[in-house]
file run_1.cif (mmCIF, C-alpha atoms)
data_entry
#
loop_
_atom_site.group_PDB
_atom_site.id
_atom_site.type_symbol
_atom_site.label_atom_id
_atom_site.label_comp_id
_atom_site.auth_asym_id
_atom_site.auth_seq_id
_atom_site.Cartn_x
_atom_site.Cartn_y
_atom_site.Cartn_z
ATOM 1 C CA MET A 202 65.828 19.731 113.190
ATOM 2 C CA TYR A 203 65.556 23.425 112.415
ATOM 3 C CA ILE A 204 67.440 25.194 109.617
ATOM 4 C CA LEU A 205 67.277 28.963 109.255
ATOM 5 C CA GLY A 206 68.137 30.647 105.948
ATOM 6 C CA ILE A 207 68.520 34.366 105.327
ATOM 7 C CA SER A 208 69.296 36.833 102.558
ATOM 8 C CA CYS A 209 70.492 40.413 103.034
ATOM 9 C CA TYR A 210 72.778 43.219 101.840
ATOM 10 C CA PHE A 211 71.515 43.082 98.243
ATOM 11 C CA HIS A 212 67.747 43.450 97.852
ATOM 12 C CA ASP A 213 64.640 42.139 99.606
ATOM 13 C CA SER A 214 66.219 40.848 102.820
ATOM 14 C CA SER A 215 64.322 37.936 104.277
ATOM 15 C CA ALA A 216 64.413 34.831 106.443
ATOM 16 C CA ALA A 217 62.907 31.352 106.193
ATOM 17 C CA LEU A 218 62.755 28.570 108.755
ATOM 18 C CA LEU A 219 62.626 24.845 107.984
ATOM 19 C CA LYS A 220 61.621 22.118 110.404
ATOM 20 C CA ASP A 221 62.653 18.631 109.301
ATOM 21 C CA GLY A 222 62.852 19.813 105.691
ATOM 22 C CA VAL A 223 59.505 21.621 105.634
ATOM 23 C CA VAL A 224 59.165 25.416 105.493
ATOM 24 C CA VAL A 225 57.245 26.453 108.613
ATOM 25 C CA ALA A 226 57.809 30.233 108.520
ATOM 26 C CA ALA A 227 59.126 32.895 106.143
ATOM 27 C CA ALA A 228 59.060 36.683 105.998
ATOM 28 C CA GLU A 229 60.564 39.681 104.202
ATOM 29 C CA GLU A 230 62.185 42.421 106.262
ATOM 30 C CA GLU A 231 60.302 45.181 104.436
ATOM 31 C CA ARG A 232 57.066 43.942 106.021
ATOM 32 C CA PHE A 233 58.396 44.999 109.418
ATOM 33 C CA THR A 234 60.501 48.072 108.587
ATOM 34 C CA ARG A 235 58.169 49.436 105.867
ATOM 35 C CA LYS A 236 61.240 50.089 103.684
ATOM 36 C CA LYS A 237 60.568 48.842 100.160
ATOM 37 C CA HIS A 238 63.171 46.221 99.118
ATOM 38 C CA ASP A 239 64.923 46.610 102.495
ATOM 39 C CA THR A 240 68.519 45.323 102.256
ATOM 40 C CA SER A 241 69.402 45.320 105.961
ATOM 41 C CA PHE A 242 70.183 42.350 108.192
ATOM 42 C CA PRO A 243 66.737 40.708 108.614
ATOM 43 C CA ILE A 244 66.559 40.696 112.392
ATOM 44 C CA ASN A 245 62.786 41.222 112.450
ATOM 45 C CA SER A 246 62.181 38.413 109.968
ATOM 46 C CA ILE A 247 64.437 36.092 111.964
ATOM 47 C CA ASN A 248 62.644 36.884 115.215
ATOM 48 C CA TYR A 249 59.278 36.344 113.531
ATOM 49 C CA CYS A 250 60.318 32.908 112.279
ATOM 50 C CA LEU A 251 61.678 31.842 115.658
ATOM 51 C CA LYS A 252 58.640 33.144 117.534
ATOM 52 C CA SER A 253 56.300 31.267 115.192
ATOM 53 C CA GLN A 254 57.758 27.991 116.475
ATOM 54 C CA ASN A 255 58.329 29.172 120.045
ATOM 55 C CA ILE A 256 62.071 28.441 119.821
ATOM 56 C CA ASN A 257 65.273 30.441 120.331
ATOM 57 C CA ILE A 258 68.201 30.875 117.969
ATOM 58 C CA ASN A 259 70.273 28.047 119.423
ATOM 59 C CA ASP A 260 67.508 25.559 118.736
ATOM 60 C CA VAL A 261 68.564 26.084 115.100
ATOM 61 C CA ARG A 262 71.011 23.410 113.895
ATOM 62 C CA TYR A 263 72.196 25.161 110.739
ATOM 63 C CA PHE A 264 72.193 28.781 109.643
ATOM 64 C CA GLY A 265 72.337 29.237 105.850
ATOM 65 C CA PHE A 266 73.225 32.107 103.532
ATOM 66 C CA TYR A 267 72.470 32.200 99.811
ATOM 67 C CA GLU A 268 75.951 32.889 98.426
ATOM 68 C CA LYS A 269 79.660 32.779 99.216
ATOM 69 C CA PRO A 270 80.652 36.359 100.132
ATOM 70 C CA PHE A 271 84.417 35.894 99.743
ATOM 71 C CA LEU A 272 84.021 34.326 96.305
ATOM 72 C CA LYS A 273 81.748 37.190 95.281
ATOM 73 C CA PHE A 274 84.286 39.658 96.651
ATOM 74 C CA ASP A 275 86.907 37.965 94.483
ATOM 75 C CA ARG A 276 84.758 38.759 91.439
ATOM 76 C CA VAL A 277 84.187 42.350 92.545
ATOM 77 C CA LEU A 278 87.914 42.905 93.045
ATOM 78 C CA SER A 279 88.748 41.261 89.733
ATOM 79 C CA GLN A 280 86.308 43.338 87.695
ATOM 80 C CA HIS A 281 87.533 46.579 89.257
ATOM 81 C CA VAL A 282 91.192 45.721 88.741
ATOM 82 C CA GLU A 283 90.586 44.735 85.114
ATOM 83 C CA THR A 284 88.796 48.003 84.322
ATOM 84 C CA PHE A 285 90.955 50.382 86.387
ATOM 85 C CA PRO A 286 91.075 53.422 86.349
ATOM 86 C CA LEU A 287 87.514 53.593 84.953
ATOM 87 C CA SER A 288 86.318 51.626 87.978
ATOM 88 C CA MET A 289 87.966 53.833 90.621
ATOM 89 C CA LYS A 290 84.839 55.735 91.708
ATOM 90 C CA THR A 291 82.678 52.628 92.042
ATOM 91 C CA PHE A 292 85.431 50.710 93.826
ATOM 92 C CA VAL A 293 85.909 53.426 96.468
ATOM 93 C CA SER A 294 82.164 53.812 97.055
ATOM 94 C CA SER A 295 81.484 50.074 97.353
ATOM 95 C CA MET A 296 84.310 49.031 99.676
ATOM 96 C CA PRO A 297 82.870 50.344 102.987
ATOM 97 C CA THR A 298 79.748 48.211 102.575
ATOM 98 C CA TRP A 299 81.836 45.150 101.758
ATOM 99 C CA ILE A 300 84.150 45.597 104.732
ATOM 100 C CA LYS A 301 81.531 46.612 107.299
ATOM 101 C CA GLU A 302 78.727 44.277 106.259
ATOM 102 C CA LYS A 303 79.141 41.710 103.505
ATOM 103 C CA LEU A 304 82.475 40.235 104.623
ATOM 104 C CA SER A 305 81.520 40.377 108.310
ATOM 105 C CA LEU A 306 78.342 38.343 108.176
ATOM 106 C CA VAL A 307 79.557 35.600 110.523
ATOM 107 C CA THR A 308 80.430 38.191 113.160
ATOM 108 C CA LYS A 309 77.080 39.918 112.625
ATOM 109 C CA ILE A 310 75.140 36.675 113.079
ATOM 110 C CA LYS A 311 77.019 35.662 116.209
ATOM 111 C CA LYS A 312 77.003 39.087 117.874
ATOM 112 C CA THR A 313 73.455 40.087 116.985
ATOM 113 C CA LEU A 314 71.812 36.740 117.634
ATOM 114 C CA GLY A 315 74.215 34.987 119.992
ATOM 115 C CA TYR A 316 74.213 32.023 117.620
ATOM 116 C CA ARG A 317 76.689 29.229 118.416
ATOM 117 C CA GLY A 318 75.864 26.686 115.698
ATOM 118 C CA ASP A 319 77.127 26.056 112.169
ATOM 119 C CA ILE A 320 76.855 28.745 109.501
ATOM 120 C CA LEU A 321 76.761 27.491 105.906
ATOM 121 C CA PHE A 322 77.451 29.609 102.819
ATOM 122 C CA ILE A 323 75.875 28.106 99.710
ATOM 123 C CA ASP A 324 76.941 28.779 96.125
ATOM 124 C CA HIS A 325 74.365 31.213 94.745
ATOM 125 C CA HIS A 326 73.310 29.156 91.723
ATOM 126 C CA LEU A 327 73.193 25.996 93.811
ATOM 127 C CA ALA A 328 70.833 27.869 96.151
ATOM 128 C CA HIS A 329 68.717 28.878 93.153
ATOM 129 C CA ALA A 330 68.601 25.298 91.895
ATOM 130 C CA ALA A 331 67.674 23.906 95.298
ATOM 131 C CA SER A 332 64.970 26.543 95.777
ATOM 132 C CA THR A 333 63.055 25.204 92.780
ATOM 133 C CA PHE A 334 63.942 21.529 92.459
ATOM 134 C CA LEU A 335 63.683 20.526 96.127
ATOM 135 C CA VAL A 336 60.173 21.990 96.410
ATOM 136 C CA SER A 337 59.024 20.683 93.031
ATOM 137 C CA PRO A 338 56.850 17.564 92.601
ATOM 138 C CA PHE A 339 59.665 15.865 90.626
ATOM 139 C CA LYS A 340 62.041 13.177 91.845
ATOM 140 C CA LYS A 341 64.207 13.852 88.782
ATOM 141 C CA ALA A 342 64.367 16.982 86.647
ATOM 142 C CA ALA A 343 66.594 19.166 84.511
ATOM 143 C CA ILE A 344 67.491 22.473 86.162
ATOM 144 C CA LEU A 345 68.126 25.800 84.442
ATOM 145 C CA ASN A 346 69.239 28.836 86.470
ATOM 146 C CA VAL A 347 69.292 32.259 84.823
ATOM 147 C CA ASP A 348 69.819 35.482 86.782
ATOM 148 C CA GLY A 349 71.894 38.649 86.870
ATOM 149 C CA VAL A 350 74.970 37.293 88.615
ATOM 150 C CA GLY A 351 75.798 35.297 91.717
ATOM 151 C CA GLU A 352 79.438 35.053 92.713
ATOM 152 C CA TRP A 353 80.741 34.605 89.150
ATOM 153 C CA THR A 354 77.981 32.571 87.532
ATOM 154 C CA THR A 355 75.159 34.184 85.537
ATOM 155 C CA THR A 356 73.637 31.109 83.859
ATOM 156 C CA SER A 357 73.928 27.441 84.766
ATOM 157 C CA TYR A 358 72.240 24.120 84.166
ATOM 158 C CA GLY A 359 72.291 20.624 85.568
ATOM 159 C CA TYR A 360 69.920 18.105 87.067
ATOM 160 C CA GLY A 361 68.264 17.069 90.293
ATOM 161 C CA ASN A 362 67.816 13.497 91.521
ATOM 162 C CA GLU A 363 65.872 12.818 94.725
ATOM 163 C CA ASN A 364 67.499 15.262 97.194
ATOM 164 C CA LYS A 365 70.697 15.825 95.195
ATOM 165 C CA VAL A 366 71.489 18.720 92.853
ATOM 166 C CA ASN A 367 74.327 18.636 90.325
ATOM 167 C CA LEU A 368 75.198 21.689 88.225
ATOM 168 C CA MET A 369 77.157 20.830 85.105
ATOM 169 C CA LYS A 370 77.942 23.956 83.077
ATOM 170 C CA GLU A 371 77.861 27.721 83.507
ATOM 171 C CA ILE A 372 78.247 31.116 81.849
ATOM 172 C CA ARG A 373 80.233 33.664 83.827
ATOM 173 C CA PHE A 374 80.159 37.398 84.472
ATOM 174 C CA PRO A 375 80.168 39.886 82.748
ATOM 175 C CA HIS A 376 78.104 37.991 80.155
ATOM 176 C CA SER A 377 74.580 37.771 81.548
ATOM 177 C CA ILE A 378 71.184 37.715 79.889
ATOM 178 C CA GLY A 379 69.794 38.890 83.222
ATOM 179 C CA LEU A 380 72.073 41.914 83.225
ATOM 180 C CA LEU A 381 71.064 42.624 79.626
ATOM 181 C CA TYR A 382 67.454 42.756 80.810
ATOM 182 C CA SER A 383 68.451 45.031 83.694
ATOM 183 C CA THR A 384 70.460 47.257 81.353
ATOM 184 C CA ILE A 385 67.459 47.838 79.105
ATOM 185 C CA THR A 386 65.328 48.323 82.226
ATOM 186 C CA ALA A 387 67.689 51.145 83.219
ATOM 187 C CA TYR A 388 67.734 52.520 79.667
ATOM 188 C CA LEU A 389 63.954 52.706 79.649
ATOM 189 C CA GLY A 390 63.996 54.739 82.868
ATOM 190 C CA PHE A 391 62.942 52.057 85.336
ATOM 191 C CA SER A 392 64.705 50.932 88.518
ATOM 192 C CA VAL A 393 67.043 47.941 88.330
ATOM 193 C CA ASN A 394 66.460 44.857 90.527
ATOM 194 C CA ASN A 395 62.904 46.063 90.939
ATOM 195 C CA SER A 396 61.143 47.026 87.722
ATOM 196 C CA GLU A 397 62.245 44.418 85.199
ATOM 197 C CA TYR A 398 58.699 43.078 85.418
ATOM 198 C CA LYS A 399 57.447 46.460 84.166
ATOM 199 C CA VAL A 400 59.592 46.105 81.052
ATOM 200 C CA MET A 401 58.246 42.587 80.555
ATOM 201 C CA GLY A 402 54.727 43.986 80.930
ATOM 202 C CA LEU A 403 55.512 46.823 78.532
ATOM 203 C CA SER A 404 56.798 44.504 75.802
ATOM 204 C CA PRO A 405 53.423 43.340 74.374
ATOM 205 C CA TYR A 406 52.508 46.977 73.760
ATOM 206 C CA GLY A 407 55.396 47.160 71.289
ATOM 207 C CA ASN A 408 56.010 45.452 67.964
ATOM 208 C CA MET A 409 56.492 41.733 68.687
ATOM 209 C CA ASP A 410 57.264 40.855 65.065
ATOM 210 C CA LYS A 411 60.948 39.990 64.639
ATOM 211 C CA ASN A 412 60.797 40.900 60.956
ATOM 212 C CA THR A 413 59.531 44.443 61.417
ATOM 213 C CA ASN A 414 60.766 45.536 64.872
ATOM 214 C CA PRO A 415 64.029 47.394 64.063
ATOM 215 C CA TYR A 416 65.397 47.012 67.593
ATOM 216 C CA TYR A 417 65.252 43.222 67.563
ATOM 217 C CA GLN A 418 68.164 42.907 65.147
ATOM 218 C CA LYS A 419 70.040 45.696 66.915
ATOM 219 C CA LEU A 420 69.842 44.020 70.321
ATOM 220 C CA LYS A 421 70.506 40.590 68.894
ATOM 221 C CA GLY A 422 73.574 41.992 67.194
ATOM 222 C CA ILE A 423 75.323 42.742 70.495
ATOM 223 C CA ILE A 424 75.071 39.071 71.531
ATOM 224 C CA ASN A 425 77.134 36.242 70.074
ATOM 225 C CA LEU A 426 74.502 33.528 70.538
ATOM 226 C CA LYS A 427 75.296 29.861 69.880
ATOM 227 C CA GLU A 428 72.826 27.104 69.047
ATOM 228 C CA ASP A 429 73.209 25.602 72.525
ATOM 229 C CA GLY A 430 72.075 28.876 74.104
ATOM 230 C CA SER A 431 75.529 29.898 75.295
ATOM 231 C CA TYR A 432 76.411 33.507 74.559
ATOM 232 C CA LYS A 433 78.909 36.342 74.880
ATOM 233 C CA PHE A 434 78.262 40.077 74.789
ATOM 234 C CA ASP A 435 79.923 42.889 72.914
ATOM 235 C CA MET A 436 80.856 44.741 76.101
ATOM 236 C CA ARG A 437 81.116 48.107 74.378
ATOM 237 C CA TYR A 438 77.383 48.447 74.951
ATOM 238 C CA PHE A 439 77.590 48.010 78.738
ATOM 239 C CA VAL A 440 79.309 49.755 81.643
ATOM 240 C CA TYR A 441 77.883 47.784 84.601
ATOM 241 C CA HIS A 442 81.210 46.019 85.138
ATOM 242 C CA TYR A 443 82.971 49.229 86.195
ATOM 243 C CA THR A 444 80.366 51.912 87.057
ATOM 244 C CA ASP A 445 77.112 52.255 88.961
ATOM 245 C CA ARG A 446 75.290 52.672 85.629
ATOM 246 C CA MET A 447 74.434 50.014 83.051
ATOM 247 C CA PRO A 448 73.892 51.299 79.468
ATOM 248 C CA SER A 449 76.891 52.783 77.649
ATOM 249 C CA SER A 450 76.893 55.630 75.146
ATOM 250 C CA TRP A 451 77.237 52.954 72.442
ATOM 251 C CA LEU A 452 73.914 51.457 73.523
ATOM 252 C CA CYS A 453 72.239 54.863 73.502
ATOM 253 C CA ARG A 454 73.389 55.426 69.916
ATOM 254 C CA LEU A 455 72.286 51.926 68.936
ATOM 255 C CA LEU A 456 68.805 52.514 70.326
ATOM 256 C CA ASP A 457 68.438 55.975 68.790
ATOM 257 C CA GLY A 458 68.330 58.141 71.883
ATOM 258 C CA PRO A 459 69.430 58.912 75.437
ATOM 259 C CA ILE A 460 68.384 57.055 78.570
ATOM 260 C CA ARG A 461 64.740 57.822 79.300
ATOM 261 C CA LYS A 462 64.108 59.867 82.426
ATOM 262 C CA PRO A 463 61.594 58.233 84.800
ATOM 263 C CA ASP A 464 58.963 60.961 84.307
ATOM 264 C CA ASP A 465 59.291 61.149 80.529
ATOM 265 C CA GLU A 466 56.525 59.874 78.277
ATOM 266 C CA LEU A 467 56.736 56.250 77.169
ATOM 267 C CA THR A 468 56.813 56.437 73.391
ATOM 268 C CA THR A 469 56.278 53.834 70.695
ATOM 269 C CA ARG A 470 60.078 53.561 70.428
ATOM 270 C CA HIS A 471 60.365 52.637 74.098
ATOM 271 C CA LYS A 472 57.644 50.022 73.735
ATOM 272 C CA ASP A 473 59.344 48.553 70.658
ATOM 273 C CA ILE A 474 62.654 48.352 72.535
ATOM 274 C CA ALA A 475 60.936 46.471 75.385
ATOM 275 C CA ALA A 476 59.354 44.123 72.825
ATOM 276 C CA ALA A 477 62.699 43.543 71.108
ATOM 277 C CA LEU A 478 64.332 42.755 74.449
ATOM 278 C CA GLN A 479 61.645 40.215 75.287
ATOM 279 C CA LEU A 480 62.002 38.601 71.856
ATOM 280 C CA VAL A 481 65.786 38.289 72.252
ATOM 281 C CA TYR A 482 65.431 36.982 75.803
ATOM 282 C CA GLU A 483 62.917 34.326 74.762
ATOM 283 C CA GLU A 484 65.098 33.239 71.847
ATOM 284 C CA VAL A 485 68.102 32.777 74.144
ATOM 285 C CA LEU A 486 66.072 30.923 76.762
ATOM 286 C CA ILE A 487 64.430 28.563 74.254
ATOM 287 C CA LYS A 488 67.839 27.651 72.827
ATOM 288 C CA MET A 489 69.056 26.953 76.355
ATOM 289 C CA LEU A 490 66.056 24.791 77.168
ATOM 290 C CA ASN A 491 66.403 22.775 73.952
ATOM 291 C CA HIS A 492 70.079 22.156 74.722
ATOM 292 C CA VAL A 493 69.385 21.226 78.349
ATOM 293 C CA TYR A 494 66.746 18.743 77.187
ATOM 294 C CA LYS A 495 69.236 17.119 74.783
ATOM 295 C CA GLU A 496 71.844 16.890 77.547
ATOM 296 C CA ILE A 497 69.692 15.814 80.500
ATOM 297 C CA LYS A 498 66.965 13.957 78.589
ATOM 298 C CA SER A 499 64.384 14.585 81.287
ATOM 299 C CA PRO A 500 60.718 15.363 80.562
ATOM 300 C CA ASN A 501 60.742 17.566 83.683
ATOM 301 C CA VAL A 502 62.433 20.943 83.995
ATOM 302 C CA VAL A 503 62.575 23.545 86.756
ATOM 303 C CA LEU A 504 63.572 27.179 86.185
ATOM 304 C CA SER A 505 65.106 29.466 88.780
ATOM 305 C CA GLY A 506 66.794 32.826 89.125
ATOM 306 C CA GLY A 507 65.316 36.228 88.464
ATOM 307 C CA CYS A 508 64.990 35.473 84.752
ATOM 308 C CA GLY A 509 63.062 32.318 85.606
ATOM 309 C CA LEU A 510 60.249 34.635 86.759
ATOM 310 C CA ASN A 511 59.901 36.006 83.218
#
call {"tool": "encode", "arguments": {"input": "run_1.cif", "output": "structure tokens"}}
result
Amino acid sequence: MYILGISCYFHDSSAALLKDGVVVAAAEEERFTRKKHDTSFPINSINYCLKSQNININDVRYFGFYEKPFLKFDRVLSQHVETFPLSMKTFVSSMPTWIKEKLSLVTKIKKTLGYRGDILFIDHHLAHAASTFLVSPFKKAAILNVDGVGEWTTTSYGYGNENKVNLMKEIRFPHSIGLLYSTITAYLGFSVNNSEYKVMGLSPYGNMDKNTNPYYQKLKGIINLKEDGSYKFDMRYFVYHYTDRMPSSWLCRLLDGPIRKPDDELTTRHKDIAAALQLVYEEVLIKMLNHVYKEIKSPNVVLSGGCGLN
């Protein structure tokens, strides 16, 4: 049995093909179009996967997508309504893409590919969990998912048993340790959903001592962090929930300067901010992992989501 999974319309569009539960082909669309982080419908990746097995699209039993578009649209509508009229510009600019592409994926798949089988939309954090646990060497394991945001969920944990995944608890948008990392990425003049790894790489060049890095306490102060790793943000420092930017003027004042322009010099202050971010991130994650261990009581753990790459 063949199962084809795709991602698109966000970043790094791609396709992967499974045969009887084993990945037999996978590709990113940018490899064919030469567009870095291509977001388009991955027609070239799909064709590559099918050609690798000498099959056509209707030999595929299930077609999978990595999130639930209508549930995500519910979140997008909710955040814009709650922050109106501040959100007006972003709402107007984002709607054409939602209507023409993201909410019309079934039509796109059927018309473009002539597919007649079942199309499955998987909860984003469930997809994250499955992507790590089901390919791990463990029959049982705790699962921790940490990313920017899926439909509503930004952080979740649960457990895997054989081929089953059960997610137990979650933290919801707009509170997101992943979006905090992206916000500081933007503040430091790097591109979001692309260059977070540069900030992680920059951090050891800064002051990694919690007692002497002045930005550690400042960044930690905008998070209400509990002992179990759950958290809430002081949203005055963020504008990602209603604009196409991420740091607010409050954050700029907190960090002693404006958003760095991409071509500006990286100063000691910028390096210390990256270090402080990494220190805060690690503190949050370690608290989460300790709590998950107490709850699940498994010696095995799998991490997923963009933050799991850190």
call {"tool": "atom_distance", "arguments": {"input": "run_1.cif", "atom1": "atom CA of A:Asp213", "atom2": "atom CA of A:Leu345"}}
result
22.6 Å
call {"tool": "closest_residue", "arguments": {"input": "run_1.cif", "among": "A:Met436, A:Leu480, A:Leu278, A:Leu205", "to": "A:Asp319", "atoms": "only C-alpha atoms"}}
result
A:Leu205
call {"tool": "residues_around", "arguments": {"input": "run_1.cif", "residues": "A:Ile487", "least_positions_apart": "5", "cutoff": "12 Å", "atoms": "all atoms listed in the file", "output": "VMD selection string"}}
result
chain A and resid 345 426 to 431 480 to 482 492 to 494
call {"tool": "resolve_selection", "arguments": {"input": "run_1.cif", "expression": "the PyMOL selection byres ((chain A and resi 229-244) around 12)", "output": "ChimeraX atom specification"}}
result
/A:205-217,226-228,245-251,258,266,298,302-303,305-307,309-310,312-314,392-396
call {"tool": "atom_distance", "arguments": {"input": "run_1.cif", "atom1": "atom CA of A:Tyr360", "atom2": "atom CA of A:Lys421"}}
result
28.9 Å
call {"tool": "atom_distance", "arguments": {"input": "run_1.cif", "atom1": "atom CA of A:Tyr316", "atom2": "atom CA of A:Asn259"}}
result
5.9 Å
call {"tool": "closest_residue", "arguments": {"input": "run_1.cif", "among": "A:Tyr398, A:Leu478, A:Glu483, A:Arg470", "to": "A:Gly422", "atoms": "all atoms listed in the file"}}
result
A:Leu478
call {"tool": "resolve_selection", "arguments": {"input": "run_1.cif", "expression": "the PyMOL selection byres ((chain A and resi 443-454) around 9)", "output": "ChimeraX atom specification"}}
result
/A:280-281,283-285,287-292,380-381,383-385,387-388,437-442,455-460
call {"tool": "residues_around", "arguments": {"input": "run_1.cif", "residues": "A:Asn346", "least_positions_apart": "3", "cutoff": "12 Å", "atoms": "only C-alpha atoms", "output": "ChimeraX atom specification"}}
result
/A:325-334,343,349-351,354-360,368-372,377-379,486,489-490,493,502-510
call {"tool": "closest_residue", "arguments": {"input": "run_1.cif", "among": "A:Arg262, A:Lys472, A:Lys311, A:Arg276", "to": "A:Tyr406", "atoms": "all atoms listed in the file"}}
result
A:Lys472
call {"tool": "closest_residue", "arguments": {"input": "run_1.cif", "among": "A:Met202, A:Phe434, A:Glu466, A:Asn501", "to": "A:Gly361", "atoms": "all atoms listed in the file"}}
result
A:Asn501
call {"tool": "closest_residue", "arguments": {"input": "run_1.cif", "among": "A:Ser499, A:Asn257, A:Gln479, A:Asn511", "to": "A:Gly407", "atoms": "only C-alpha atoms"}}
result
A:Gln479
call {"tool": "residues_near_point", "arguments": {"input": "run_1.cif", "point": "(81.5, 39.8, 78.1)", "cutoff": "9 Å", "atoms": "all atoms listed in the file", "output": "list of chain:residue names"}}
result
A:Arg373, A:Phe374, A:Pro375, A:His376, A:Ser377, A:Tyr432, A:Lys433, A:Phe434, A:Asp435, A:Met436
call {"tool": "closest_residue", "arguments": {"input": "run_1.cif", "among": "A:Ile300, A:Met401, A:Leu467, A:Ile497", "to": "A:Ile344", "atoms": "all atoms listed in the file"}}
result
A:Ile497
